file target_24.cif (mmCIF, N, CA and C atoms)
data_run
#
loop_
_atom_site.label_atom_id
_atom_site.label_comp_id
_atom_site.auth_asym_id
_atom_site.auth_seq_id
_atom_site.Cartn_x
_atom_site.Cartn_y
_atom_site.Cartn_z
N MET R 8 71.10 -14.01 -58.01
CA MET R 8 70.82 -12.96 -57.04
C MET R 8 69.77 -13.45 -56.06
N ARG R 9 69.77 -12.86 -54.91
CA ARG R 9 68.95 -13.34 -53.81
C ARG R 9 67.45 -13.31 -54.10
N TYR R 10 66.96 -12.26 -54.74
CA TYR R 10 65.52 -12.08 -54.95
C TYR R 10 65.07 -12.46 -56.37
N GLU R 11 66.00 -12.86 -57.20
CA GLU R 11 65.72 -13.06 -58.62
C GLU R 11 64.56 -14.03 -58.87
N ASN R 12 64.57 -15.18 -58.22
CA ASN R 12 63.52 -16.17 -58.45
C ASN R 12 62.16 -15.69 -57.97
N ALA R 13 62.12 -14.98 -56.86
CA ALA R 13 60.85 -14.45 -56.35
C ALA R 13 60.30 -13.40 -57.31
N ILE R 14 61.16 -12.55 -57.85
CA ILE R 14 60.73 -11.54 -58.81
C ILE R 14 60.25 -12.19 -60.09
N LEU R 15 60.99 -13.18 -60.56
CA LEU R 15 60.59 -13.90 -61.77
C LEU R 15 59.22 -14.55 -61.59
N GLU R 16 58.98 -15.13 -60.43
CA GLU R 16 57.70 -15.76 -60.15
C GLU R 16 56.57 -14.72 -60.15
N LEU R 17 56.82 -13.56 -59.54
CA LEU R 17 55.81 -12.49 -59.53
C LEU R 17 55.45 -12.06 -60.95
N ILE R 18 56.45 -11.87 -61.78
CA ILE R 18 56.23 -11.41 -63.15
C ILE R 18 55.50 -12.47 -63.97
N CYS R 19 55.89 -13.71 -63.82
CA CYS R 19 55.36 -14.78 -64.67
C CYS R 19 54.04 -15.35 -64.19
N SER R 20 53.66 -15.09 -62.94
CA SER R 20 52.45 -15.71 -62.40
C SER R 20 51.17 -14.95 -62.74
N GLY R 21 51.28 -13.72 -63.17
CA GLY R 21 50.08 -12.95 -63.44
C GLY R 21 50.08 -12.35 -64.83
N SER R 22 49.08 -11.54 -65.09
CA SER R 22 48.99 -10.87 -66.39
C SER R 22 48.83 -9.36 -66.19
N SER R 23 49.38 -8.86 -65.08
CA SER R 23 49.14 -7.46 -64.74
C SER R 23 50.19 -6.49 -65.28
N HIS R 24 51.25 -6.97 -65.90
CA HIS R 24 52.27 -6.08 -66.47
C HIS R 24 52.76 -5.08 -65.42
N MET R 25 53.38 -5.60 -64.38
CA MET R 25 53.77 -4.81 -63.22
C MET R 25 54.91 -3.84 -63.53
N THR R 26 54.86 -2.68 -62.87
CA THR R 26 55.99 -1.75 -62.89
C THR R 26 56.99 -2.20 -61.84
N ALA R 27 58.18 -1.60 -61.85
CA ALA R 27 59.19 -1.94 -60.85
C ALA R 27 58.66 -1.63 -59.44
N GLU R 28 57.94 -0.53 -59.29
CA GLU R 28 57.40 -0.18 -57.97
C GLU R 28 56.35 -1.19 -57.51
N GLN R 29 55.53 -1.66 -58.43
CA GLN R 29 54.53 -2.68 -58.07
C GLN R 29 55.21 -3.99 -57.67
N VAL R 30 56.28 -4.36 -58.38
CA VAL R 30 57.05 -5.55 -58.02
C VAL R 30 57.64 -5.35 -56.63
N PHE R 31 58.21 -4.19 -56.39
CA PHE R 31 58.80 -3.86 -55.10
C PHE R 31 57.78 -4.01 -53.97
N LEU R 32 56.60 -3.42 -54.13
CA LEU R 32 55.57 -3.49 -53.08
C LEU R 32 55.09 -4.92 -52.84
N ALA R 33 54.95 -5.69 -53.92
CA ALA R 33 54.53 -7.09 -53.77
C ALA R 33 55.63 -7.91 -53.10
N LEU R 34 56.88 -7.68 -53.47
CA LEU R 34 58.00 -8.43 -52.91
C LEU R 34 58.23 -8.08 -51.44
N LYS R 35 57.98 -6.84 -51.10
CA LYS R 35 58.19 -6.35 -49.74
C LYS R 35 57.31 -7.10 -48.73
N LYS R 36 56.17 -7.64 -49.17
CA LYS R 36 55.31 -8.40 -48.28
C LYS R 36 56.00 -9.66 -47.77
N SER R 37 56.80 -10.28 -48.60
CA SER R 37 57.52 -11.50 -48.20
C SER R 37 58.94 -11.21 -47.75
N TYR R 38 59.51 -10.12 -48.26
CA TYR R 38 60.90 -9.75 -47.94
C TYR R 38 60.93 -8.29 -47.49
N PRO R 39 60.60 -8.02 -46.23
CA PRO R 39 60.47 -6.64 -45.76
C PRO R 39 61.74 -5.80 -45.89
N SER R 40 62.89 -6.43 -45.98
CA SER R 40 64.13 -5.65 -46.03
C SER R 40 64.56 -5.31 -47.46
N VAL R 41 63.81 -5.76 -48.47
CA VAL R 41 64.20 -5.48 -49.85
C VAL R 41 64.10 -3.98 -50.12
N VAL R 42 64.99 -3.47 -50.97
CA VAL R 42 64.96 -2.06 -51.35
C VAL R 42 64.68 -1.95 -52.84
N LEU R 43 64.16 -0.80 -53.24
CA LEU R 43 63.75 -0.59 -54.63
C LEU R 43 64.91 -0.76 -55.61
N ALA R 44 66.09 -0.30 -55.25
CA ALA R 44 67.26 -0.44 -56.13
C ALA R 44 67.54 -1.91 -56.43
N THR R 45 67.37 -2.77 -55.44
CA THR R 45 67.58 -4.21 -55.64
C THR R 45 66.58 -4.77 -56.64
N VAL R 46 65.33 -4.31 -56.56
CA VAL R 46 64.31 -4.75 -57.50
C VAL R 46 64.68 -4.31 -58.91
N TYR R 47 65.07 -3.05 -59.08
CA TYR R 47 65.49 -2.57 -60.40
C TYR R 47 66.66 -3.39 -60.94
N ASN R 48 67.65 -3.64 -60.09
CA ASN R 48 68.82 -4.42 -60.53
C ASN R 48 68.42 -5.82 -60.98
N ASN R 49 67.55 -6.47 -60.21
CA ASN R 49 67.10 -7.81 -60.57
C ASN R 49 66.25 -7.80 -61.83
N LEU R 50 65.37 -6.83 -61.98
CA LEU R 50 64.57 -6.73 -63.19
C LEU R 50 65.46 -6.54 -64.41
N ASN R 51 66.45 -5.66 -64.30
CA ASN R 51 67.38 -5.44 -65.41
C ASN R 51 68.16 -6.70 -65.74
N SER R 52 68.58 -7.42 -64.73
CA SER R 52 69.31 -8.67 -64.94
C SER R 52 68.43 -9.71 -65.63
N LEU R 53 67.20 -9.88 -65.15
CA LEU R 53 66.28 -10.83 -65.76
C LEU R 53 65.97 -10.46 -67.21
N TYR R 54 65.84 -9.17 -67.47
CA TYR R 54 65.59 -8.70 -68.83
C TYR R 54 66.80 -8.97 -69.73
N GLN R 55 67.98 -8.66 -69.23
CA GLN R 55 69.21 -8.88 -70.02
C GLN R 55 69.42 -10.37 -70.32
N GLN R 56 69.01 -11.23 -69.41
CA GLN R 56 69.12 -12.67 -69.60
C GLN R 56 68.05 -13.21 -70.55
N GLY R 57 67.07 -12.37 -70.90
CA GLY R 57 65.99 -12.80 -71.77
C GLY R 57 64.92 -13.62 -71.06
N ARG R 58 64.86 -13.51 -69.73
CA ARG R 58 63.90 -14.31 -68.97
C ARG R 58 62.57 -13.59 -68.77
N ILE R 59 62.55 -12.26 -68.95
CA ILE R 59 61.32 -11.47 -68.90
C ILE R 59 61.36 -10.45 -70.02
N ARG R 60 60.21 -9.87 -70.30
CA ARG R 60 60.11 -8.81 -71.30
C ARG R 60 59.93 -7.47 -70.58
N LYS R 61 60.49 -6.42 -71.17
CA LYS R 61 60.26 -5.07 -70.69
C LYS R 61 59.40 -4.37 -71.73
N ILE R 62 58.30 -3.78 -71.27
CA ILE R 62 57.39 -3.11 -72.17
C ILE R 62 57.44 -1.62 -71.88
N SER R 63 57.83 -0.86 -72.89
CA SER R 63 57.92 0.58 -72.74
C SER R 63 56.78 1.24 -73.49
N VAL R 64 56.08 2.11 -72.79
CA VAL R 64 55.00 2.90 -73.37
C VAL R 64 55.31 4.35 -73.05
N GLU R 65 55.34 5.18 -74.07
CA GLU R 65 55.70 6.59 -73.90
C GLU R 65 54.89 7.25 -72.80
N GLY R 66 55.60 7.95 -71.91
CA GLY R 66 54.95 8.70 -70.84
C GLY R 66 54.58 7.87 -69.62
N GLN R 67 54.96 6.60 -69.61
CA GLN R 67 54.62 5.73 -68.49
C GLN R 67 55.86 4.96 -68.05
N PRO R 68 55.87 4.47 -66.81
CA PRO R 68 57.00 3.66 -66.37
C PRO R 68 57.04 2.33 -67.13
N ASP R 69 58.23 1.80 -67.31
CA ASP R 69 58.36 0.49 -67.94
C ASP R 69 57.58 -0.54 -67.15
N ARG R 70 57.05 -1.52 -67.85
CA ARG R 70 56.35 -2.62 -67.20
C ARG R 70 57.02 -3.92 -67.63
N TYR R 71 56.81 -4.94 -66.85
CA TYR R 71 57.50 -6.21 -67.07
C TYR R 71 56.49 -7.32 -67.26
N ASP R 72 56.88 -8.29 -68.10
CA ASP R 72 55.94 -9.32 -68.52
C ASP R 72 56.67 -10.64 -68.70
N LYS R 73 55.90 -11.71 -68.66
CA LYS R 73 56.49 -13.03 -68.91
C LYS R 73 57.00 -13.09 -70.34
N ASN R 74 57.96 -13.93 -70.56
CA ASN R 74 58.62 -14.02 -71.85
C ASN R 74 57.99 -15.11 -72.71
N THR R 75 56.72 -14.92 -73.04
CA THR R 75 56.02 -15.83 -73.93
C THR R 75 55.58 -15.05 -75.16
N ARG R 76 55.38 -15.70 -76.24
CA ARG R 76 55.03 -15.06 -77.51
C ARG R 76 53.60 -14.51 -77.44
N HIS R 77 53.48 -13.20 -77.35
CA HIS R 77 52.21 -12.51 -77.43
C HIS R 77 52.46 -11.02 -77.68
N ASP R 78 51.42 -10.33 -78.03
CA ASP R 78 51.52 -8.90 -78.32
C ASP R 78 50.64 -8.14 -77.32
N HIS R 79 50.57 -6.82 -77.48
CA HIS R 79 49.85 -6.00 -76.50
C HIS R 79 48.95 -4.96 -77.14
N LEU R 80 47.82 -4.74 -76.48
CA LEU R 80 46.95 -3.62 -76.77
C LEU R 80 47.26 -2.54 -75.73
N VAL R 81 47.43 -1.30 -76.18
CA VAL R 81 47.73 -0.20 -75.27
C VAL R 81 46.68 0.89 -75.47
N CYS R 82 45.94 1.20 -74.42
CA CYS R 82 44.94 2.27 -74.51
C CYS R 82 45.68 3.60 -74.64
N ARG R 83 45.36 4.34 -75.68
CA ARG R 83 46.05 5.61 -75.93
C ARG R 83 45.64 6.70 -74.95
N ARG R 84 44.59 6.46 -74.17
CA ARG R 84 44.13 7.47 -73.21
C ARG R 84 44.63 7.18 -71.79
N CYS R 85 44.40 5.96 -71.29
CA CYS R 85 44.75 5.66 -69.90
C CYS R 85 46.02 4.82 -69.77
N GLY R 86 46.49 4.26 -70.89
CA GLY R 86 47.71 3.46 -70.85
C GLY R 86 47.51 2.02 -70.44
N ARG R 87 46.26 1.60 -70.25
CA ARG R 87 45.98 0.20 -69.87
C ARG R 87 46.63 -0.72 -70.90
N LEU R 88 47.27 -1.76 -70.40
CA LEU R 88 48.00 -2.71 -71.24
C LEU R 88 47.32 -4.06 -71.12
N SER R 89 46.98 -4.65 -72.26
CA SER R 89 46.32 -5.97 -72.29
C SER R 89 47.03 -6.88 -73.27
N ASP R 90 47.06 -8.15 -72.93
CA ASP R 90 47.65 -9.14 -73.84
C ASP R 90 46.70 -9.43 -74.99
N ILE R 91 47.28 -9.67 -76.15
CA ILE R 91 46.53 -10.12 -77.31
C ILE R 91 47.40 -11.16 -78.02
N HIS R 92 46.78 -12.23 -78.44
CA HIS R 92 47.53 -13.32 -79.10
C HIS R 92 47.23 -13.31 -80.58
N LEU R 93 48.19 -12.82 -81.35
CA LEU R 93 48.08 -12.74 -82.80
C LEU R 93 49.04 -13.75 -83.43
N ALA R 94 48.85 -14.01 -84.70
CA ALA R 94 49.77 -14.91 -85.41
C ALA R 94 51.19 -14.34 -85.36
N ASP R 95 52.16 -15.21 -85.25
CA ASP R 95 53.56 -14.82 -85.20
C ASP R 95 53.98 -14.25 -86.56
N LEU R 96 54.52 -13.05 -86.56
CA LEU R 96 54.91 -12.36 -87.79
C LEU R 96 56.39 -12.52 -88.13
N THR R 97 57.12 -13.31 -87.36
CA THR R 97 58.57 -13.40 -87.54
C THR R 97 58.95 -13.78 -88.97
N ALA R 98 58.35 -14.82 -89.52
CA ALA R 98 58.70 -15.26 -90.88
C ALA R 98 58.42 -14.17 -91.91
N ASP R 99 57.27 -13.48 -91.79
CA ASP R 99 56.96 -12.39 -92.71
C ASP R 99 57.96 -11.25 -92.57
N LEU R 100 58.31 -10.90 -91.35
CA LEU R 100 59.29 -9.83 -91.13
C LEU R 100 60.65 -10.19 -91.72
N GLU R 101 61.06 -11.44 -91.53
CA GLU R 101 62.35 -11.88 -92.09
C GLU R 101 62.32 -11.83 -93.62
N ARG R 102 61.21 -12.25 -94.21
CA ARG R 102 61.09 -12.24 -95.67
C ARG R 102 61.14 -10.79 -96.19
N GLN R 103 60.44 -9.90 -95.50
CA GLN R 103 60.37 -8.51 -95.96
C GLN R 103 61.68 -7.76 -95.75
N THR R 104 62.40 -8.07 -94.69
CA THR R 104 63.63 -7.33 -94.39
C THR R 104 64.89 -8.02 -94.89
N GLY R 105 64.80 -9.33 -95.10
CA GLY R 105 65.99 -10.08 -95.48
C GLY R 105 66.93 -10.28 -94.30
N LEU R 106 66.44 -10.09 -93.09
CA LEU R 106 67.25 -10.22 -91.88
C LEU R 106 66.72 -11.36 -91.02
N SER R 107 67.58 -11.87 -90.16
CA SER R 107 67.15 -12.87 -89.18
C SER R 107 66.60 -12.12 -87.97
N ILE R 108 65.31 -12.27 -87.72
CA ILE R 108 64.63 -11.55 -86.64
C ILE R 108 64.68 -12.38 -85.36
N GLU R 109 65.20 -11.79 -84.29
CA GLU R 109 65.27 -12.47 -82.99
C GLU R 109 63.95 -12.36 -82.24
N GLY R 110 63.21 -11.31 -82.48
CA GLY R 110 61.94 -11.09 -81.81
C GLY R 110 61.43 -9.71 -82.14
N TYR R 111 60.22 -9.44 -81.74
CA TYR R 111 59.64 -8.12 -81.95
C TYR R 111 58.62 -7.86 -80.85
N ASP R 112 58.28 -6.59 -80.68
CA ASP R 112 57.32 -6.19 -79.66
C ASP R 112 56.24 -5.35 -80.33
N LEU R 113 55.11 -5.96 -80.60
CA LEU R 113 54.01 -5.28 -81.27
C LEU R 113 53.06 -4.71 -80.21
N LYS R 114 52.86 -3.39 -80.26
CA LYS R 114 51.93 -2.71 -79.36
C LYS R 114 50.89 -2.02 -80.24
N ILE R 115 49.65 -2.43 -80.10
CA ILE R 115 48.56 -1.88 -80.89
C ILE R 115 47.83 -0.85 -80.04
N GLN R 116 47.77 0.38 -80.51
CA GLN R 116 47.09 1.43 -79.77
C GLN R 116 45.61 1.41 -80.10
N TYR R 117 44.79 1.60 -79.08
CA TYR R 117 43.34 1.63 -79.23
C TYR R 117 42.75 2.42 -78.07
N LEU R 118 41.46 2.50 -78.02
CA LEU R 118 40.77 3.14 -76.91
C LEU R 118 40.02 2.04 -76.17
N CYS R 119 40.38 1.80 -74.91
CA CYS R 119 39.78 0.69 -74.16
C CYS R 119 38.29 0.98 -73.92
N PRO R 120 37.51 -0.05 -73.63
CA PRO R 120 36.06 0.14 -73.43
C PRO R 120 35.72 1.17 -72.35
N GLN R 121 36.48 1.18 -71.26
CA GLN R 121 36.19 2.13 -70.17
C GLN R 121 36.42 3.57 -70.64
N CYS R 122 37.55 3.82 -71.31
CA CYS R 122 37.82 5.17 -71.79
C CYS R 122 36.84 5.58 -72.88
N ARG R 123 36.46 4.63 -73.74
CA ARG R 123 35.48 4.91 -74.79
C ARG R 123 34.14 5.32 -74.15
N ALA R 124 33.73 4.62 -73.10
CA ALA R 124 32.47 4.94 -72.41
C ALA R 124 32.57 6.30 -71.73
N GLU R 125 33.71 6.59 -71.09
CA GLU R 125 33.88 7.89 -70.43
C GLU R 125 33.83 9.03 -71.43
N LEU R 126 34.47 8.85 -72.59
CA LEU R 126 34.45 9.90 -73.61
C LEU R 126 33.05 10.08 -74.19
N ALA R 127 32.35 8.97 -74.40
CA ALA R 127 30.98 9.06 -74.91
C ALA R 127 30.08 9.79 -73.91
N ALA R 128 30.24 9.49 -72.63
CA ALA R 128 29.45 10.17 -71.59
C ALA R 128 29.78 11.66 -71.54
N ALA R 129 31.06 12.00 -71.65
CA ALA R 129 31.47 13.40 -71.65
C ALA R 129 30.92 14.13 -72.87
N ASN R 130 30.95 13.49 -74.02
CA ASN R 130 30.40 14.10 -75.23
C ASN R 130 28.89 14.30 -75.11
N GLN R 131 28.21 13.31 -74.53
CA GLN R 131 26.76 13.42 -74.33
C GLN R 131 26.44 14.58 -73.38
N GLU R 132 27.25 14.69 -72.32
CA GLU R 132 27.05 15.77 -71.35
C GLU R 132 27.28 17.13 -72.01
N ASN R 133 28.30 17.22 -72.85
CA ASN R 133 28.58 18.49 -73.55
C ASN R 133 27.45 18.86 -74.49
N ARG R 134 26.88 17.87 -75.19
CA ARG R 134 25.77 18.14 -76.10
C ARG R 134 24.55 18.62 -75.32
N SER R 135 24.31 18.02 -74.16
CA SER R 135 23.16 18.40 -73.33
C SER R 135 23.31 19.82 -72.81
N SER R 136 24.51 20.21 -72.44
CA SER R 136 24.72 21.54 -71.89
C SER R 136 24.69 22.63 -72.97
N ASP R 137 24.87 22.23 -74.23
CA ASP R 137 24.81 23.19 -75.33
C ASP R 137 23.38 23.58 -75.68
N LEU R 138 22.43 22.77 -75.21
CA LEU R 138 21.02 23.04 -75.56
C LEU R 138 20.41 24.10 -74.73
#
call {"tool": "encode", "arguments": {"input": "target_24.cif", "output": "C-alpha cells"}}
result
Amino acid sequence: MRYENAILELICSGSSHMTAEQVFLALKKSYPSVVLATVYNNLNSLYQQGRIRKISVEGQPDRYDKNTRHDHLVCRRCGRLSDIHLADLTADLERQTGLSIEGYDLKIQYLCPQCRAELAAANQENRSSDL
C-alpha cells in the first residue's frame, strides 16, 4: 500500500504508542492528501501481517506499537502506557497450558507517578478542608 512504509516507520521509530488519529496527524504533515480511513486500513493491514502490535485498553482508542518483545504498564487512572521489559514468559505459559504459545500481551495496571501525586495532593487538600 502507498502509505504502509511511512506508517510503519512512524510506529517503529518512537515509544509513544500512537492512536490511529495520532498516526494520521503525523502522516498528514508529509502526505497532506492522506485520509483517516487510509490510515486505519494500513494499520489493520500491518497488524494482520504481524508487523506491528495493537494495544487495546478498555475505554480508550487502540494504540499501535513496534513488534518487539516487551510488555506494558497501564495507568488505571489516566491510561498512560509505558513499556516495561520483563522476562519472556512463553516457555512457562506453554508448560502450564500444554499449548504452543505464539505470543502474549501482558498489561500491568498501576498508578503512574503523576496520578499518584495528584491523588495525594487531593487527599491532602480534603484533609485540610475538614479541619
call {"tool": "residues_around", "arguments": {"input": "target_24.cif", "residues": "stretch 91-106 of chain R", "least_positions_apart": "3", "cutoff": "6 Å", "atoms": "all atoms listed in the file", "output": "PyMOL selection string"}}
result
chain R and resi 77-80
call {"tool": "select_by_dssp", "arguments": {"input": "target_24.cif", "residues": "chain R", "states": "strand (DSSP E or B)", "output": "ChimeraX atom specification"}}
result
/R:25-26,59-62,70-73,78-82,88-91,114-117
call {"tool": "resolve_selection", "arguments": {"input": "target_24.cif", "expression": "the PyMOL selection byres (((chain R and resi 28-35 and name CA) around 10) and name CA)", "output": "list in words"}}
result
Tyr10, Ala13, Ile14, Leu15, Leu17, Ile18, Ser23, His24, Met25, Thr26, Ala27, Lys36, Ser37, Tyr38, Pro39, Ser40, Val41, Val42, Leu43, Ala44, Thr45, Val46, Tyr47, Leu50, Pro68, Arg70 and Tyr71 of chain R
call {"tool": "atom_distance", "arguments": {"input": "target_24.cif", "atom1": "atom CA of R:Tyr54", "atom2": "atom CA of R:Gln116"}}
result
23.8 Å
call {"tool": "closest_residue", "arguments": {"input": "target_24.cif", "among": "R:Arg9, R:Arg87, R:Arg58, R:Arg134", "to": "R:Cys119", "atoms": "all atoms listed in the file"}}
result
R:Arg87
call {"tool": "atom_distance", "arguments": {"input": "target_24.cif", "atom1": "atom CA of R:Ile59", "atom2": "atom N of R:Ser89"}}
result
16.2 Å
call {"tool": "residues_around", "arguments": {"input": "target_24.cif", "residues": "R:Gln121", "least_positions_apart": "4", "cutoff": "12 Å", "atoms": "only C-alpha atoms", "output": "list in words"}}
result
Cys82, Arg83, Arg84, Cys85, Gly86, Arg87, Tyr117, Glu125, Leu126, Ala127 and Ala128 of chain R
call {"tool": "atom_distance", "arguments": {"input": "target_24.cif", "atom1": "atom N of R:Lys73", "atom2": "atom N of R:Glu16"}}
result
9.4 Å
call {"tool": "axis_aligned_box", "arguments": {"input": "target_24.cif", "around": "stretch 24-32 of chain R", "padding_each_side": "8 Å", "output": "JSON"}}
result
{"center_x": 55.2, "center_y": -3.6, "center_z": -59.7, "size_x": 23.9, "size_y": 22.8, "size_z": 29.6}
call {"tool": "select_by_dssp", "arguments": {"input": "target_24.cif", "residues": "stretch 98-129 of chain R", "states": "helix (DSSP H, G or I)", "output": "number ranges by chain"}}
result
R: 98-104, 120-129
call {"tool": "decode", "arguments": {"input": "target_24.cif", "residues": "stretch 78-92 of chain R", "atoms": "N, CA, C and O atoms", "output": "PDB file, in the first residue's frame"}}
result
ATOM      1  N   ASP R  78       6.505  -5.747  27.362  1.00  0.00           N
ATOM      2  CA  ASP R  78       5.186  -5.681  27.978  1.00  0.00           C
ATOM      3  C   ASP R  78       4.864  -4.219  28.293  1.00  0.00           C
ATOM      4  O   ASP R  78       5.640  -3.336  27.961  1.00  0.00           O
ATOM      5  N   HIS R  79       3.709  -3.985  28.920  1.00  0.00           N
ATOM      6  CA  HIS R  79       3.268  -2.609  29.142  1.00  0.00           C
ATOM      7  C   HIS R  79       2.735  -2.381  30.552  1.00  0.00           C
ATOM      8  O   HIS R  79       2.084  -3.248  31.120  1.00  0.00           O
ATOM      9  N   LEU R  80       3.013  -1.185  31.048  1.00  0.00           N
ATOM     10  CA  LEU R  80       2.392  -0.673  32.254  1.00  0.00           C
ATOM     11  C   LEU R  80       1.264   0.254  31.802  1.00  0.00           C
ATOM     12  O   LEU R  80       1.461   1.081  30.909  1.00  0.00           O
ATOM     13  N   VAL R  81       0.085   0.110  32.399  1.00  0.00           N
ATOM     14  CA  VAL R  81      -1.059   0.947  32.039  1.00  0.00           C
ATOM     15  C   VAL R  81      -1.575   1.616  33.310  1.00  0.00           C
ATOM     16  O   VAL R  81      -1.962   0.936  34.262  1.00  0.00           O
ATOM     17  N   CYS R  82      -1.551   2.944  33.329  1.00  0.00           N
ATOM     18  CA  CYS R  82      -2.081   3.668  34.488  1.00  0.00           C
ATOM     19  C   CYS R  82      -3.593   3.494  34.514  1.00  0.00           C
ATOM     20  O   CYS R  82      -4.280   3.805  33.538  1.00  0.00           O
ATOM     21  N   ARG R  83      -4.100   3.005  35.631  1.00  0.00           N
ATOM     22  CA  ARG R  83      -5.538   2.742  35.743  1.00  0.00           C
ATOM     23  C   ARG R  83      -6.365   4.015  35.845  1.00  0.00           C
ATOM     24  O   ARG R  83      -7.572   3.999  35.667  1.00  0.00           O
ATOM     25  N   ARG R  84      -5.705   5.154  36.054  1.00  0.00           N
ATOM     26  CA  ARG R  84      -6.429   6.424  36.177  1.00  0.00           C
ATOM     27  C   ARG R  84      -6.418   7.219  34.871  1.00  0.00           C
ATOM     28  O   ARG R  84      -7.453   7.619  34.369  1.00  0.00           O
ATOM     29  N   CYS R  85      -5.234   7.455  34.298  1.00  0.00           N
ATOM     30  CA  CYS R  85      -5.143   8.314  33.114  1.00  0.00           C
ATOM     31  C   CYS R  85      -4.938   7.518  31.823  1.00  0.00           C
ATOM     32  O   CYS R  85      -5.053   8.073  30.735  1.00  0.00           O
ATOM     33  N   GLY R  86      -4.614   6.233  31.943  1.00  0.00           N
ATOM     34  CA  GLY R  86      -4.430   5.407  30.754  1.00  0.00           C
ATOM     35  C   GLY R  86      -3.050   5.489  30.137  1.00  0.00           C
ATOM     36  O   GLY R  86      -2.803   4.893  29.096  1.00  0.00           O
ATOM     37  N   ARG R  87      -2.132   6.221  30.766  1.00  0.00           N
ATOM     38  CA  ARG R  87      -0.768   6.330  30.239  1.00  0.00           C
ATOM     39  C   ARG R  87      -0.195   4.929  30.051  1.00  0.00           C
ATOM     40  O   ARG R  87      -0.330   4.065  30.896  1.00  0.00           O
ATOM     41  N   LEU R  88       0.450   4.731  28.918  1.00  0.00           N
ATOM     42  CA  LEU R  88       1.005   3.430  28.545  1.00  0.00           C
ATOM     43  C   LEU R  88       2.515   3.559  28.475  1.00  0.00           C
ATOM     44  O   LEU R  88       3.036   4.454  27.814  1.00  0.00           O
ATOM     45  N   SER R  89       3.219   2.683  29.184  1.00  0.00           N
ATOM     46  CA  SER R  89       4.687   2.703  29.198  1.00  0.00           C
ATOM     47  C   SER R  89       5.217   1.308  28.941  1.00  0.00           C
ATOM     48  O   SER R  89       4.626   0.317  29.367  1.00  0.00           O
ATOM     49  N   ASP R  90       6.346   1.253  28.259  1.00  0.00           N
ATOM     50  CA  ASP R  90       7.000  -0.039  28.012  1.00  0.00           C
ATOM     51  C   ASP R  90       7.691  -0.522  29.277  1.00  0.00           C
ATOM     52  O   ASP R  90       8.209   0.279  30.055  1.00  0.00           O
ATOM     53  N   ILE R  91       7.684  -1.827  29.458  1.00  0.00           N
ATOM     54  CA  ILE R  91       8.439  -2.466  30.531  1.00  0.00           C
ATOM     55  C   ILE R  91       9.004  -3.763  29.946  1.00  0.00           C
ATOM     56  O   ILE R  91       8.331  -4.459  29.191  1.00  0.00           O
ATOM     57  N   HIS R  92      10.254  -4.028  30.254  1.00  0.00           N
ATOM     58  CA  HIS R  92      10.916  -5.221  29.714  1.00  0.00           C
ATOM     59  C   HIS R  92      11.069  -6.253  30.815  1.00  0.00           C
ATOM     60  O   HIS R  92      11.895  -6.105  31.709  1.00  0.00           O
TER      61      HIS R  92
END
